[in-house]
Amino acid sequence: MKNKDIREAISKAGLRHWQVAEAYGIHEGNFSRLLRKELSPDQKEKVFLVIQKLK
């Protein structure tokens, strides 16, 4: 599974993908498509920062 670390972080934080997508500034469907391919380190860092903010 691609981006397993991000998916686990979302789950452990008790968040839903739509919440992270909204805070990231994109639609939930686009966020799902984004996670289908492994993200670059910069993109991952941005997503992890969003998750930290939402905790």
# chains A, B, ... in the order shown; residues from 1 in each chain; ligands from 1

$ residues_around --residues "A:Arg36" --least-positions-apart "2" --cutoff "9 Å" --atoms "only C-alpha atoms" --output "VMD selection string"
chain A and resid 1 to 3 31 to 34 38 to 39

$ write_last_selection --atoms "N, CA, C and O atoms" --output "short mmCIF file (atom, residue, chain, number, x, y, z; two decimals), in the first residue's frame"
data_model
loop_
_atom_site.label_atom_id
_atom_site.label_comp_id
_atom_site.auth_asym_id
_atom_site.auth_seq_id
_atom_site.Cartn_x
_atom_site.Cartn_y
_atom_site.Cartn_z
N MET A 1 0.84 -1.18 0.00
CA MET A 1 0.00 0.00 0.00
C MET A 1 0.89 1.25 0.00
O MET A 1 1.84 1.34 0.77
N LYS A 2 0.56 2.18 -0.85
CA LYS A 2 1.33 3.42 -0.94
C LYS A 2 0.99 4.35 0.22
O LYS A 2 -0.13 4.35 0.71
N ASN A 3 1.95 5.13 0.65
CA ASN A 3 1.77 6.14 1.69
C ASN A 3 1.17 5.56 2.97
O ASN A 3 0.36 6.21 3.64
N PHE A 31 -7.54 14.13 -2.78
CA PHE A 31 -6.60 13.65 -1.76
C PHE A 31 -6.44 12.13 -1.87
O PHE A 31 -5.33 11.62 -1.78
N SER A 32 -7.55 11.44 -2.09
CA SER A 32 -7.50 9.98 -2.27
C SER A 32 -6.64 9.61 -3.46
O SER A 32 -5.82 8.69 -3.39
N ARG A 33 -6.82 10.33 -4.56
CA ARG A 33 -6.02 10.06 -5.76
C ARG A 33 -4.55 10.39 -5.52
O ARG A 33 -3.66 9.70 -6.01
N LEU A 34 -4.31 11.44 -4.74
CA LEU A 34 -2.94 11.84 -4.42
C LEU A 34 -2.21 10.72 -3.67
O LEU A 34 -1.02 10.47 -3.91
N GLU A 38 3.15 7.11 -4.34
CA GLU A 38 4.01 7.52 -3.23
C GLU A 38 4.35 9.01 -3.36
O GLU A 38 4.77 9.47 -4.42
N LEU A 39 4.13 9.74 -2.28
CA LEU A 39 4.38 11.17 -2.29
C LEU A 39 5.86 11.47 -2.12
O LEU A 39 6.61 10.68 -1.54
#

$ atom_distance --atom1 "atom CA of A:Phe48" --atom2 "atom CA of A:Ile6"
7.2 Å

$ closest_residue --among "A:Lys4, A:Ala9, A:Trp18, A:His27" --to "A:Leu49" --atoms "only C-alpha atoms"
A:Ala9

$ atom_distance --atom1 "atom CA of A:His17" --atom2 "atom CA of A:Lys44"
14.3 Å

$ closest_residue --among "A:Ala23, A:Asp5, A:Leu15, A:Glu28" --to "A:Val50" --atoms "only C-alpha atoms"
A:Ala23

$ atom_distance --atom1 "atom CA of A:Lys37" --atom2 "atom CA of A:Ala21"
15.8 Å
